[in-house]
Structures are given as C-alpha cells and as structure tokens.
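Asks: What follows is the file structure_36.pdb, containing PDB, C-alpha atoms:
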ATOM      1  CA  MET A   1     111.346 135.167  79.812
ATOM      2  CA  PRO A   2     110.837 131.968  81.819
ATOM      3  CA  ILE A   3     108.407 129.460  80.351
ATOM      4  CA  GLN A   4     105.188 129.392  82.350
ATOM      5  CA  GLN A   5     104.501 125.854  83.526
ATOM      6  CA  ASN A   6     100.992 124.480  83.412
ATOM      7  CA  PRO A   7      99.519 124.666  86.897
ATOM      8  CA  GLU A   8      98.690 121.352  88.569
ATOM      9  CA  PRO A   9      94.968 120.502  88.865
ATOM     10  CA  TRP A  10      95.363 120.534  92.673
ATOM     11  CA  SER A  11      96.276 123.418  94.963
ATOM     12  CA  SER A  12      98.774 123.084  97.816
ATOM     13  CA  SER A  13      95.893 123.053 100.314
ATOM     14  CA  GLN A  14      94.516 119.989  98.495
ATOM     15  CA  LEU A  15      97.598 117.939  99.317
ATOM     16  CA  MET A  16      97.228 115.654 102.323
ATOM     17  CA  GLU A  17     100.402 114.759 104.192
ATOM     18  CA  PRO A  18     101.037 111.014 104.623
ATOM     19  CA  ASP A  19     101.432 111.267 108.408
ATOM     20  CA  THR A  20      97.972 112.893 108.632
ATOM     21  CA  LEU A  21      96.293 110.011 106.787
ATOM     22  CA  ALA A  22      98.412 107.384 108.591
ATOM     23  CA  SER A  23      97.381 108.776 111.938
ATOM     24  CA  LEU A  24      93.676 108.796 110.942
ATOM     25  CA  ILE A  25      93.914 105.136 109.859
ATOM     26  CA  LYS A  26      95.867 104.077 112.969
ATOM     27  CA  ASN A  27      93.371 105.786 115.278
ATOM     28  CA  ASN A  28      90.307 104.499 113.407
ATOM     29  CA  LYS A  29      89.311 108.074 112.608
ATOM     30  CA  VAL A  30      88.972 107.726 108.830
ATOM     31  CA  GLY A  31      85.200 107.914 109.275
ATOM     32  CA  SER A  32      83.393 108.196 105.972
ATOM     33  CA  MET A  33      86.449 109.441 104.081
ATOM     34  CA  LEU A  34      87.111 107.539 100.870
ATOM     35  CA  ILE A  35      90.685 106.501 100.083
ATOM     36  CA  LEU A  36      91.077 105.611  96.415
ATOM     37  CA  SER A  37      94.132 104.033  94.809
ATOM     38  CA  ILE A  38      94.491 105.297  91.265
ATOM     39  CA  GLY A  39      97.903 103.634  90.766
ATOM     40  CA  PRO A  40      99.259 100.104  90.262
ATOM     41  CA  ASP A  41      98.309  98.747  93.712
ATOM     42  CA  ALA A  42      95.991  99.692  96.571
ATOM     43  CA  ILE A  43      98.630  99.286  99.261
ATOM     44  CA  ILE A  44      97.130 101.612 101.868
ATOM     45  CA  LYS A  45      94.927  99.935 104.449
ATOM     46  CA  GLY A  46      91.248 100.464 103.729
ATOM     47  CA  SER A  47      91.745 101.891 100.254
ATOM     48  CA  VAL A  48      89.688 101.059  97.167
ATOM     49  CA  ASP A  49      91.555  99.747  94.116
ATOM     50  CA  ILE A  50      90.555 101.722  91.015
ATOM     51  CA  GLY A  51      93.678 100.948  88.973
ATOM     52  CA  PRO A  52      96.092 103.246  87.130
ATOM     53  CA  THR A  53      94.042 106.102  85.694
ATOM     54  CA  ASN A  54      96.375 106.729  82.763
ATOM     55  CA  ASP A  55      94.462 103.752  81.339
ATOM     56  CA  SER A  56      91.147 105.019  79.942
ATOM     57  CA  LYS A  57      89.335 101.898  81.243
ATOM     58  CA  ASN A  58      90.365 102.731  84.809
ATOM     59  CA  LEU A  59      89.573 106.412  84.398
ATOM     60  CA  LYS A  60      86.080 105.380  83.298
ATOM     61  CA  LYS A  61      85.915 103.042  86.311
ATOM     62  CA  LEU A  62      86.763 106.005  88.578
ATOM     63  CA  LYS A  63      84.108 108.187  86.967
ATOM     64  CA  ASN A  64      81.488 105.459  87.317
ATOM     65  CA  TYR A  65      82.496 104.855  90.939
ATOM     66  CA  LEU A  66      82.133 108.562  91.688
ATOM     67  CA  LYS A  67      78.577 108.633  90.304
ATOM     68  CA  LYS A  68      77.406 106.873  93.466
ATOM     69  CA  VAL A  69      79.296 109.182  95.809
ATOM     70  CA  SER A  70      78.026 112.408  97.412
ATOM     71  CA  LYS A  71      79.787 115.514  96.114
ATOM     72  CA  GLU A  72      80.395 116.569  99.729
ATOM     73  CA  LYS A  73      82.312 113.383 100.531
ATOM     74  CA  GLU A  74      85.935 113.702 101.585
ATOM     75  CA  ILE A  75      88.022 111.775  99.066
ATOM     76  CA  VAL A  76      91.765 111.132  99.129
ATOM     77  CA  ILE A  77      93.421 109.709  96.043
ATOM     78  CA  TYR A  78      96.935 108.321  95.809
ATOM     79  CA  CYS A  79      99.229 106.611  93.349
ATOM     80  CA  GLY A  80     102.859 106.450  94.542
ATOM     81  CA  CYS A  81     104.309 104.673  91.520
ATOM     82  CA  CYS A  82     106.786 107.438  90.755
ATOM     83  CA  PRO A  83     107.733 110.996  91.698
ATOM     84  CA  PHE A  84     104.857 113.453  91.089
ATOM     85  CA  ASP A  85     106.481 114.959  87.981
ATOM     86  CA  LYS A  86     106.677 111.516  86.325
ATOM     87  CA  CYS A  87     103.384 110.023  87.560
ATOM     88  CA  PRO A  88     100.943 109.492  84.677
ATOM     89  CA  ASN A  89      97.952 108.734  86.955
ATOM     90  CA  ILE A  90      97.424 111.562  89.440
ATOM     91  CA  ARG A  91      96.563 114.318  86.972
ATOM     92  CA  PRO A  92      93.758 112.562  85.040
ATOM     93  CA  ALA A  93      92.279 111.277  88.322
ATOM     94  CA  PHE A  94      92.361 114.609  90.132
ATOM     95  CA  THR A  95      90.968 116.403  87.091
ATOM     96  CA  ALA A  96      88.091 113.879  86.983
ATOM     97  CA  LEU A  97      87.291 114.616  90.639
ATOM     98  CA  LYS A  98      87.397 118.349  90.022
ATOM     99  CA  ASP A  99      85.264 118.155  86.877
ATOM    100  CA  ALA A 100      82.696 116.030  88.690
ATOM    101  CA  GLY A 101      82.382 118.769  91.341
ATOM    102  CA  PHE A 102      83.889 117.066  94.393
ATOM    103  CA  LYS A 103      84.687 119.877  96.793
ATOM    104  CA  ASN A 104      86.584 117.880  99.406
ATOM    105  CA  SER A 105      89.008 115.989  97.262
ATOM    106  CA  LYS A 106      92.639 115.633  98.247
ATOM    107  CA  LEU A 107      95.789 114.125  96.764
ATOM    108  CA  LEU A 108      98.056 112.208  99.105
ATOM    109  CA  ASN A 109     101.427 113.932  99.069
ATOM    110  CA  LEU A 110     103.799 111.126  98.041
ATOM    111  CA  PRO A 111     106.499 113.144  96.266
ATOM    112  CA  LYS A 112     108.897 110.210  95.741
ATOM    113  CA  ASN A 113     106.832 107.009  95.797
ATOM    114  CA  ILE A 114     104.665 104.879  98.044
ATOM    115  CA  LYS A 115     107.653 102.830  99.244
ATOM    116  CA  VAL A 116     109.762 105.729 100.487
ATOM    117  CA  ASP A 117     106.912 107.986 101.602
ATOM    118  CA  TRP A 118     104.583 105.356 103.103
ATOM    119  CA  ILE A 119     105.820 101.741 103.430
ATOM    120  CA  ASP A 120     109.304 102.630 104.728
ATOM    121  CA  LYS A 121     107.721 104.894 107.343
ATOM    122  CA  GLY A 122     105.780 101.949 108.741
ATOM    123  CA  TYR A 123     102.369 103.445 107.898
ATOM    124  CA  PRO A 124      99.365 101.064 107.669
ATOM    125  CA  VAL A 125      99.300  98.768 104.632
ATOM    126  CA  LYS A 126      96.897  96.043 103.556
ATOM    127  CA  GLU A 127      97.872  92.580 104.805
TER     128      GLU A 127
ATOM    129  CA  MET B   1     143.419  94.592 130.729
ATOM    130  CA  ILE B   2     144.475  94.538 127.069
ATOM    131  CA  MET B   3     141.884  91.825 126.441
ATOM    132  CA  LYS B   4     139.188  93.986 128.087
ATOM    133  CA  GLN B   5     140.118  96.964 125.938
ATOM    134  CA  LEU B   6     140.094  94.774 122.838
ATOM    135  CA  LEU B   7     136.633  93.433 123.664
ATOM    136  CA  LEU B   8     135.407  96.972 124.346
ATOM    137  CA  SER B   9     136.775  98.161 120.981
ATOM    138  CA  ILE B  10     135.095  95.252 119.172
ATOM    139  CA  SER B  11     131.785  96.007 120.952
ATOM    140  CA  ILE B  12     131.994  99.685 119.964
ATOM    141  CA  LEU B  13     132.762  98.732 116.385
ATOM    142  CA  CYS B  14     129.798  96.321 116.268
ATOM    143  CA  LEU B  15     127.503  98.932 117.825
ATOM    144  CA  SER B  16     128.575 101.686 115.467
ATOM    145  CA  GLY B  17     128.072  99.252 112.604
ATOM    146  CA  ASN B  18     124.464  98.895 113.672
ATOM    147  CA  LEU B  19     123.976 102.555 114.361
ATOM    148  CA  PHE B  20     125.303 103.571 110.997
ATOM    149  CA  ALA B  21     123.818 100.726 108.996
ATOM    150  CA  GLN B  22     124.225 101.343 105.286
ATOM    151  CA  ASP B  23     121.107 102.713 103.653
ATOM    152  CA  SER B  24     122.281 101.950 100.138
ATOM    153  CA  LEU B  25     124.246  99.241  98.393
ATOM    154  CA  THR B  26     127.959  99.771  97.890
ATOM    155  CA  ILE B  27     130.406  98.715  95.215
ATOM    156  CA  GLY B  28     132.441  95.749  96.404
ATOM    157  CA  GLN B  29     129.690  94.096  98.444
ATOM    158  CA  ASN B  30     128.026  90.858  97.411
ATOM    159  CA  ALA B  31     124.731  91.338  95.587
ATOM    160  CA  PRO B  32     121.794  90.156  97.722
ATOM    161  CA  GLU B  33     120.358  86.862  96.487
ATOM    162  CA  ILE B  34     117.345  87.029  94.194
ATOM    163  CA  SER B  35     115.155  83.982  94.385
ATOM    164  CA  LEU B  36     112.022  84.480  92.292
ATOM    165  CA  SER B  37     109.934  82.901  89.550
ATOM    166  CA  ASP B  38     110.639  83.800  85.976
ATOM    167  CA  ILE B  39     107.972  84.830  83.498
ATOM    168  CA  ASP B  40     107.161  81.162  82.724
ATOM    169  CA  GLY B  41     106.870  80.317  86.411
ATOM    170  CA  THR B  42     110.228  78.540  86.648
ATOM    171  CA  ALA B  43     112.275  79.080  89.812
ATOM    172  CA  PHE B  44     115.278  81.347  89.347
ATOM    173  CA  THR B  45     118.189  82.290  91.589
ATOM    174  CA  LEU B  46     120.757  84.978  90.914
ATOM    175  CA  THR B  47     123.533  82.685  92.163
ATOM    176  CA  SER B  48     122.725  80.301  89.289
ATOM    177  CA  LEU B  49     124.358  82.933  87.030
ATOM    178  CA  LYS B  50     127.683  82.808  88.897
ATOM    179  CA  GLY B  51     130.493  83.029  86.344
ATOM    180  CA  LYS B  52     128.666  85.676  84.297
ATOM    181  CA  VAL B  53     128.660  89.452  84.500
ATOM    182  CA  VAL B  54     125.022  90.299  85.264
ATOM    183  CA  LEU B  55     123.089  93.521  84.883
ATOM    184  CA  ILE B  56     120.151  93.481  87.297
ATOM    185  CA  ASP B  57     117.585  95.896  85.909
ATOM    186  CA  PHE B  58     114.780  96.936  88.256
ATOM    187  CA  TRP B  59     111.797  98.121  86.275
ATOM    188  CA  ALA B  60     108.006  97.909  85.927
ATOM    189  CA  SER B  61     105.521  98.273  83.097
ATOM    190  CA  TRP B  62     103.846 101.130  85.040
ATOM    191  CA  CYS B  63     107.129 103.077  85.197
ATOM    192  CA  ALA B  64     107.351 105.372  82.164
ATOM    193  CA  PRO B  65     111.106 106.090  82.402
ATOM    194  CA  CYS B  66     111.750 102.323  82.707
ATOM    195  CA  MET B  67     109.756 101.606  79.561
ATOM    196  CA  LYS B  68     111.704 104.335  77.785
ATOM    197  CA  GLU B  69     114.957 102.629  78.784
ATOM    198  CA  GLN B  70     113.969  99.127  77.633
ATOM    199  CA  PRO B  71     114.898  99.683  73.940
ATOM    200  CA  GLU B  72     118.272 101.090  75.098
ATOM    201  CA  LEU B  73     118.871  97.975  77.169
ATOM    202  CA  LYS B  74     117.883  95.869  74.197
ATOM    203  CA  ASN B  75     120.584  97.620  72.132
ATOM    204  CA  LEU B  76     123.057  97.020  74.935
ATOM    205  CA  TYR B  77     122.125  93.320  75.005
ATOM    206  CA  GLU B  78     122.659  93.122  71.239
ATOM    207  CA  LYS B  79     126.079  94.781  71.596
ATOM    208  CA  PHE B  80     127.153  92.130  74.075
ATOM    209  CA  ILE B  81     125.313  89.246  72.395
ATOM    210  CA  ASP B  82     128.587  87.351  71.775
ATOM    211  CA  SER B  83     129.301  87.504  75.504
ATOM    212  CA  VAL B  84     125.731  86.339  76.179
ATOM    213  CA  LYS B  85     126.248  83.369  73.845
ATOM    214  CA  ALA B  86     129.604  82.625  75.483
ATOM    215  CA  ASP B  87     127.895  82.525  78.924
ATOM    216  CA  LYS B  88     129.781  85.615  80.054
ATOM    217  CA  PHE B  89     126.998  88.189  80.279
ATOM    218  CA  GLU B  90     123.295  88.298  81.108
ATOM    219  CA  ILE B  91     120.581  90.777  82.011
ATOM    220  CA  VAL B  92     118.026  89.976  84.686
ATOM    221  CA  GLY B  93     114.925  92.166  84.602
ATOM    222  CA  VAL B  94     113.339  92.323  88.052
ATOM    223  CA  SER B  95     109.857  93.724  87.647
ATOM    224  CA  LEU B  96     107.973  95.536  90.406
ATOM    225  CA  ASP B  97     104.735  94.988  88.535
ATOM    226  CA  LYS B  98     101.617  93.971  90.404
ATOM    227  CA  ASP B  99      99.647  92.571  87.527
ATOM    228  CA  ARG B 100     100.990  89.516  85.673
ATOM    229  CA  GLU B 101      99.344  90.494  82.377
ATOM    230  CA  ASN B 102     100.815  94.005  82.451
ATOM    231  CA  TRP B 103     104.234  92.527  83.236
ATOM    232  CA  LYS B 104     103.958  90.127  80.291
ATOM    233  CA  LYS B 105     102.742  92.903  77.991
ATOM    234  CA  GLY B 106     105.710  95.061  79.031
ATOM    235  CA  VAL B 107     108.152  92.262  78.170
ATOM    236  CA  LYS B 108     106.369  91.450  74.927
ATOM    237  CA  ARG B 109     106.260  95.086  73.815
ATOM    238  CA  PHE B 110     110.022  95.325  73.352
ATOM    239  CA  LYS B 111     110.660  91.585  72.902
ATOM    240  CA  THR B 112     113.405  91.694  75.504
ATOM    241  CA  GLU B 113     114.916  88.242  75.583
ATOM    242  CA  TRP B 114     116.836  88.214  78.821
ATOM    243  CA  VAL B 115     115.755  86.672  82.123
ATOM    244  CA  HIS B 116     112.578  88.228  83.539
ATOM    245  CA  VAL B 117     111.581  87.645  87.148
ATOM    246  CA  SER B 118     109.039  89.099  89.566
ATOM    247  CA  ASP B 119     107.082  88.355  92.727
ATOM    248  CA  LEU B 120     104.346  90.750  91.520
ATOM    249  CA  LEU B 121     104.366  92.554  94.855
ATOM    250  CA  PHE B 122     104.842  96.115  93.559
ATOM    251  CA  TRP B 123     106.800  98.234  96.074
ATOM    252  CA  LYS B 124     106.098  95.649  98.797
ATOM    253  CA  SER B 125     108.538  93.212  97.168
ATOM    254  CA  PRO B 126     111.221  92.066  99.643
ATOM    255  CA  ILE B 127     113.713  92.480  96.775
ATOM    256  CA  ALA B 128     112.998  96.235  96.818
ATOM    257  CA  LYS B 129     114.034  96.196 100.473
ATOM    258  CA  ASP B 130     117.078  93.955  99.941
ATOM    259  CA  TYR B 131     118.381  96.200  97.160
ATOM    260  CA  LYS B 132     117.354  99.361  99.049
ATOM    261  CA  LEU B 133     115.414 100.682  96.078
ATOM    262  CA  GLU B 134     114.141 104.223  96.360
ATOM    263  CA  GLY B 135     112.933 104.673  92.797
ATOM    264  CA  LEU B 136     112.849 103.222  89.303
ATOM    265  CA  PRO B 137     114.573 102.647  86.962
ATOM    266  CA  TYR B 138     117.507 101.335  88.976
ATOM    267  CA  ASN B 139     120.194  98.820  88.174
ATOM    268  CA  VAL B 140     123.128  96.969  89.652
ATOM    269  CA  LEU B 141     126.015  95.447  87.715
ATOM    270  CA  ILE B 142     127.701  92.432  89.276
ATOM    271  CA  ASP B 143     130.848  90.548  88.320
ATOM    272  CA  GLU B 144     131.374  86.821  87.805
ATOM    273  CA  ASN B 145     131.534  86.291  91.589
ATOM    274  CA  GLY B 146     128.344  88.166  92.367
ATOM    275  CA  VAL B 147     130.194  91.246  93.645
ATOM    276  CA  ILE B 148     128.687  94.657  92.826
ATOM    277  CA  ILE B 149     130.892  96.573  90.373
ATOM    278  CA  ALA B 150     128.556  99.437  89.399
ATOM    279  CA  ILE B 151     125.320 100.953  90.675
ATOM    280  CA  ASN B 152     122.635 102.724  88.689
ATOM    281  CA  LEU B 153     124.548 103.584  85.537
ATOM    282  CA  HIS B 154     122.627 104.247  82.346
ATOM    283  CA  GLY B 155     123.354 104.839  78.651
ATOM    284  CA  ASN B 156     127.016 105.081  77.628
ATOM    285  CA  GLU B 157     128.241 104.982  81.212
ATOM    286  CA  LEU B 158     126.653 101.586  81.672
ATOM    287  CA  GLU B 159     127.999 100.227  78.400
ATOM    288  CA  ASN B 160     131.498 101.499  79.260
ATOM    289  CA  ALA B 161     131.392  99.900  82.693
ATOM    290  CA  ILE B 162     130.580  96.496  81.160
ATOM    291  CA  GLN B 163     133.181  96.894  78.403
ATOM    292  CA  ASN B 164     135.861  98.063  80.854
ATOM    293  CA  HIS B 165     135.233  95.032  83.017
ATOM    294  CA  PHE B 166     135.662  92.665  80.068
ATOM    295  CA  ASN B 167     138.784  94.571  78.905
ATOM    296  CA  LYS B 168     140.349  94.222  82.353
ATOM    297  CA  LYS B 169     139.666  90.496  82.278
ATOM    298  CA  GLU B 170     141.502  90.165  78.975
ATOM    299  CA  GLU B 171     144.606  92.039  80.202
TER     300      GLU B 171
END
What is this file in structure tokens?

Replies:
Amino acid sequence: MPIQQNPEPWSSSQLMEPDTLASLIKNNKVGSMLILSIGPDAIIKGSVDIGPTNDSKNLKKLKNYLKKVSKEKEIVIYCGCCPFDKCPNIRPAFTALKDAGFKNSKLLNLPKNIKVDWIDKGYPVKE
Amino acid sequence: MIMKQLLLSISILCLSGNLFAQDSLTIGQNAPEISLSDIDGTAFTLTSLKGKVVLIDFWASWCAPCMKEQPELKNLYEKFIDSVKADKFEIVGVSLDKDRENWKKGVKRFKTEWVHVSDLLFWKSPIAKDYKLEGLPYNVLIDENGVIIAINLHGNELENAIQNHFNKKEE
C-alpha cells in the first residue's frame, strides 16, 4: 500500500503563477494586495520583508504583522530559496495565514527557486 | 568567391554560436572569474589560486541540503589536507547568503576552514549568473590552470574525481 503523504497546507487553487503576479506589478494593478517575503530576501518589487519563517522569531514577526491586517485582504507569500519540497519556510508561513483565518491567501508558485522562476524571467525586482 | 563563401560560413558559425548559447557550464572551459570579499572583508580572486586544484562550492546558510553537505566537505578537506598544505588543493565556499551574520554563523557552525566569499546578494549575485546556477548545492572542480574538470559531483564521486586528477598528475 502506498504511503499517504501529508497534504500541503495550500490547495492548488491557492497557488499564484509568477506571470500573473509579474503582470499585476508591471501594470500597477497590485492594488491593496500584500506581497510578503517569508524567505531569505524580499526580491520582488513592492514586497514586505518578513524573513525566513523557519526561524521562530520571523514566524512571530509574521503573526504580529498579520494582526493589523484585515482577514479579507488578498495576501501572496513567497520564499524561492529552494524547490518546494525542500523549502523550510513556506509551510509554517502558510499554516499561520490559514490558522489566522485569512481567506484570500496565496502562495507564489516558485517550484524551483526565485532565480529560475522569477529573476531569470525578467520579472520585476527591487532595485 | 571562395573568400565570400568562407566569410559566409564564419558568419553562420558566429550566429549559430549566439543562437545556441550554452545555458550551462561545460567541462574543459575556463572557470569564470570570481572576484569577491572573503569573510574578513579581504579582496579575493579565483585566479589568485592558479596552480591549485580548486573545488568551488556554492552554498548558503538558508539552504538545508547545503548545510547537510558541509560536514561531508569538511571530511573531504581533511582527506586532502596534505595537498592543501602543499598548495595543491583548496576549497572556495561561495555563499548566496543575504545576511552577513547568518553567513558567519553557517561557517562557524561546522568550523570550515577553507576560503569563504560572498557578495551577500542572494540569488541576485552576478556569480550565480556567471556560473549559470539553477539550484543549490552546486559545485565546480577546476584544475591548476582554472579549467573546469568536473561539475556538480558529490560524495564519493567528488572525492574520486579529485583523487583521479592527482593520480594522473603523478603518472
């Protein structure tokens, strides 16, 4: 019998494709959406640097940050350090969003890393 | 006429070279220069190690598989310590860290005593582009002339590649 893998805290509909976010940023259509970096560096233009959420200090920082945010707010989190299966940051961060009751939270789909799936594609980065 | 054809052939070759530009490093090419500060802030260049076999290890303290490999690299360094002392072998750890303190902590954790350099630019580092990195950990082994002799070998394969190179030299 195959071993049942633990399901991810996000569903496939909660993954945002990089070209979708890149196009929103390029066309100034991000609006009130929050883009949070929960990895080693907030590379994406307009994103807020929380820090790697495998560190309990940064996870606490994320939770505190979210206290001031409306539960209806659209939030996109990203890391991009490593492939999803090896990333230590995306699961604790997404679980924190879920537990706090954010209904419109998304994870940026960077299956390999932020270099290959964002920088190399010429998508907007911070200067 | 022959001259025209020759020029045309050269143009086509140049064009195809551009069209099919290599998207990864290849064995036999010269390793791109690395010109960065070391962990104490001293300027370092890869070419300053000419004459030594060099393992360029791309890593970061935020990369779990890289941190797992550091003790293995430390064992490798110990195995070749006589070559290190004889100025024949060196490891250069190029970190893609962003935070200086995390970088230092990562080095301190395993007390790795080889050369450590970084521009602290995470994936935006120009070195990541020069070496066409697509993920970590990643390494490149270069010979005494700075020519790439192995790409992304780990464990026994890496050790054998270094040993084989030294054996060939002794023949």

Asks: Set the distance at 10 Å and use all atoms listed in the file: which residues neighbour stretch 8-16 of chain A once local chain neighbours fewer than 4 positions away are removed? I'd like the list as a list of chain:residue names.

Replies: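 These residues fall inside the cut-off: A:Thr20, A:Leu21, A:Val76, A:Ile77, A:Tyr78, A:Ile90, A:Arg91, A:Pro92, A:Ala93, A:Phe94, A:Thr95, A:Ala96, A:Leu97, A:Lys98, A:Lys103, A:Asn104, A:Ser105, A:Lys106, A:Leu107, A:Leu108, A:Asn109, A:Leu110.
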
Asks: Select residues of chain B: the criterion is any atom within 12 Å of an atom of chain A, counting only C-alpha atoms; output as a short mmCIF file (atom, residue, chain, number, x, y, z; two decimals) with C-alpha atoms, keeping the file's coordinate frame.

Replies:
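Written file, result_28.cif:
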data_model
loop_
_atom_site.label_atom_id
_atom_site.label_comp_id
_atom_site.auth_asym_id
_atom_site.auth_seq_id
_atom_site.Cartn_x
_atom_site.Cartn_y
_atom_site.Cartn_z
CA ASP B 23 121.11 102.71 103.65
CA TRP B 59 111.80 98.12 86.28
CA ALA B 60 108.01 97.91 85.93
CA SER B 61 105.52 98.27 83.10
CA TRP B 62 103.85 101.13 85.04
CA CYS B 63 107.13 103.08 85.20
CA ALA B 64 107.35 105.37 82.16
CA PRO B 65 111.11 106.09 82.40
CA CYS B 66 111.75 102.32 82.71
CA LEU B 96 107.97 95.54 90.41
CA ASP B 97 104.74 94.99 88.54
CA LYS B 98 101.62 93.97 90.40
CA ASP B 99 99.65 92.57 87.53
CA ARG B 100 100.99 89.52 85.67
CA ASN B 102 100.82 94.00 82.45
CA TRP B 103 104.23 92.53 83.24
CA LEU B 120 104.35 90.75 91.52
CA LEU B 121 104.37 92.55 94.86
CA PHE B 122 104.84 96.12 93.56
CA TRP B 123 106.80 98.23 96.07
CA LYS B 124 106.10 95.65 98.80
CA SER B 125 108.54 93.21 97.17
CA PRO B 126 111.22 92.07 99.64
CA ALA B 128 113.00 96.24 96.82
CA LYS B 129 114.03 96.20 100.47
CA LYS B 132 117.35 99.36 99.05
CA LEU B 133 115.41 100.68 96.08
CA GLU B 134 114.14 104.22 96.36
CA GLY B 135 112.93 104.67 92.80
CA LEU B 136 112.85 103.22 89.30
CA PRO B 137 114.57 102.65 86.96
#

Asks: Excluding stretch 81-92 of chain B and any residue of its chain fewer than 6 positions from it, enumerate the residues within 9 Å of it, using all atoms listed in the file, and give them as a PDB file with C-alpha atoms, in the frame of the given file.

Replies:
ATOM      1  CA  LEU B  46     120.757  84.978  90.914  1.00  0.00           C
ATOM      2  CA  LEU B  49     124.358  82.933  87.030  1.00  0.00           C
ATOM      3  CA  GLY B  51     130.493  83.029  86.344  1.00  0.00           C
ATOM      4  CA  LYS B  52     128.666  85.676  84.297  1.00  0.00           C
ATOM      5  CA  VAL B  53     128.660  89.452  84.500  1.00  0.00           C
ATOM      6  CA  VAL B  54     125.022  90.299  85.264  1.00  0.00           C
ATOM      7  CA  LEU B  55     123.089  93.521  84.883  1.00  0.00           C
ATOM      8  CA  ILE B  56     120.151  93.481  87.297  1.00  0.00           C
ATOM      9  CA  ASP B  57     117.585  95.896  85.909  1.00  0.00           C
ATOM     10  CA  PHE B  58     114.780  96.936  88.256  1.00  0.00           C
ATOM     11  CA  LEU B  73     118.871  97.975  77.169  1.00  0.00           C
ATOM     12  CA  GLU B 113     114.916  88.242  75.583  1.00  0.00           C
ATOM     13  CA  TRP B 114     116.836  88.214  78.821  1.00  0.00           C
ATOM     14  CA  VAL B 115     115.755  86.672  82.123  1.00  0.00           C
ATOM     15  CA  HIS B 116     112.578  88.228  83.539  1.00  0.00           C
ATOM     16  CA  VAL B 117     111.581  87.645  87.148  1.00  0.00           C
ATOM     17  CA  GLU B 144     131.374  86.821  87.805  1.00  0.00           C
TER      18      GLU B 144
END

Asks: Do you have the atom CA of B:Leu76-atom CA of B:Thr47 distance handy?

Replies: 22.4 Å

Asks: For atom CA of B:Glu33 and atom CA of B:Ser48, determine how far apart the two atoms are, in Å to one decimal place.

Replies: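 Distance reported for this atom pair: 10.0 Å.
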
Asks: How many Å separate atom CA of A:Leu66 from atom CA of A:Gly46?

Replies: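 Taking atom CA of A:Leu66 as the start and atom CA of A:Gly46 as the end point, the length is 17.1 Å.
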
Asks: Using the chain letters and numbers from this file, what does the PyMOL selection byres ((chain B and resi 148) around 8) select? Give the answer as a PDB file with C-alpha atoms, in the coordinates of the input.

Replies:
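Generated file (out_2.pdb):
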ATOM      1  CA  THR B  26     127.959  99.771  97.890  1.00  0.00           C
ATOM      2  CA  ILE B  27     130.406  98.715  95.215  1.00  0.00           C
ATOM      3  CA  GLY B  28     132.441  95.749  96.404  1.00  0.00           C
ATOM      4  CA  GLN B  29     129.690  94.096  98.444  1.00  0.00           C
ATOM      5  CA  ASN B  30     128.026  90.858  97.411  1.00  0.00           C
ATOM      6  CA  ALA B  31     124.731  91.338  95.587  1.00  0.00           C
ATOM      7  CA  VAL B 140     123.128  96.969  89.652  1.00  0.00           C
ATOM      8  CA  LEU B 141     126.015  95.447  87.715  1.00  0.00           C
ATOM      9  CA  ILE B 142     127.701  92.432  89.276  1.00  0.00           C
ATOM     10  CA  ASP B 143     130.848  90.548  88.320  1.00  0.00           C
ATOM     11  CA  GLY B 146     128.344  88.166  92.367  1.00  0.00           C
ATOM     12  CA  VAL B 147     130.194  91.246  93.645  1.00  0.00           C
ATOM     13  CA  ILE B 149     130.892  96.573  90.373  1.00  0.00           C
ATOM     14  CA  ALA B 150     128.556  99.437  89.399  1.00  0.00           C
ATOM     15  CA  ILE B 151     125.320 100.953  90.675  1.00  0.00           C
TER      16      ILE B 151
END

Asks: If you apply the PyMOL selection byres ((chain B and resi 155) around 12) to this file, what residues do you get, as a compact mmCIF listing (two decimals) with C-alpha atoms, keeping the file's coordinate frame?

Replies:
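File selection05.txt, as written:
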# COMPACT_ATOMS: atom_id res chain seq x y z
CA LYS B 68 111.70 104.34 77.78
CA GLU B 69 114.96 102.63 78.78
CA GLN B 70 113.97 99.13 77.63
CA PRO B 71 114.90 99.68 73.94
CA GLU B 72 118.27 101.09 75.10
CA LEU B 73 118.87 97.98 77.17
CA LYS B 74 117.88 95.87 74.20
CA ASN B 75 120.58 97.62 72.13
CA LEU B 76 123.06 97.02 74.94
CA ASN B 139 120.19 98.82 88.17
CA ASN B 152 122.64 102.72 88.69
CA LEU B 153 124.55 103.58 85.54
CA HIS B 154 122.63 104.25 82.35
CA ASN B 156 127.02 105.08 77.63
CA GLU B 157 128.24 104.98 81.21
CA LEU B 158 126.65 101.59 81.67
CA GLU B 159 128.00 100.23 78.40
CA ASN B 160 131.50 101.50 79.26
CA ALA B 161 131.39 99.90 82.69
CA ILE B 162 130.58 96.50 81.16
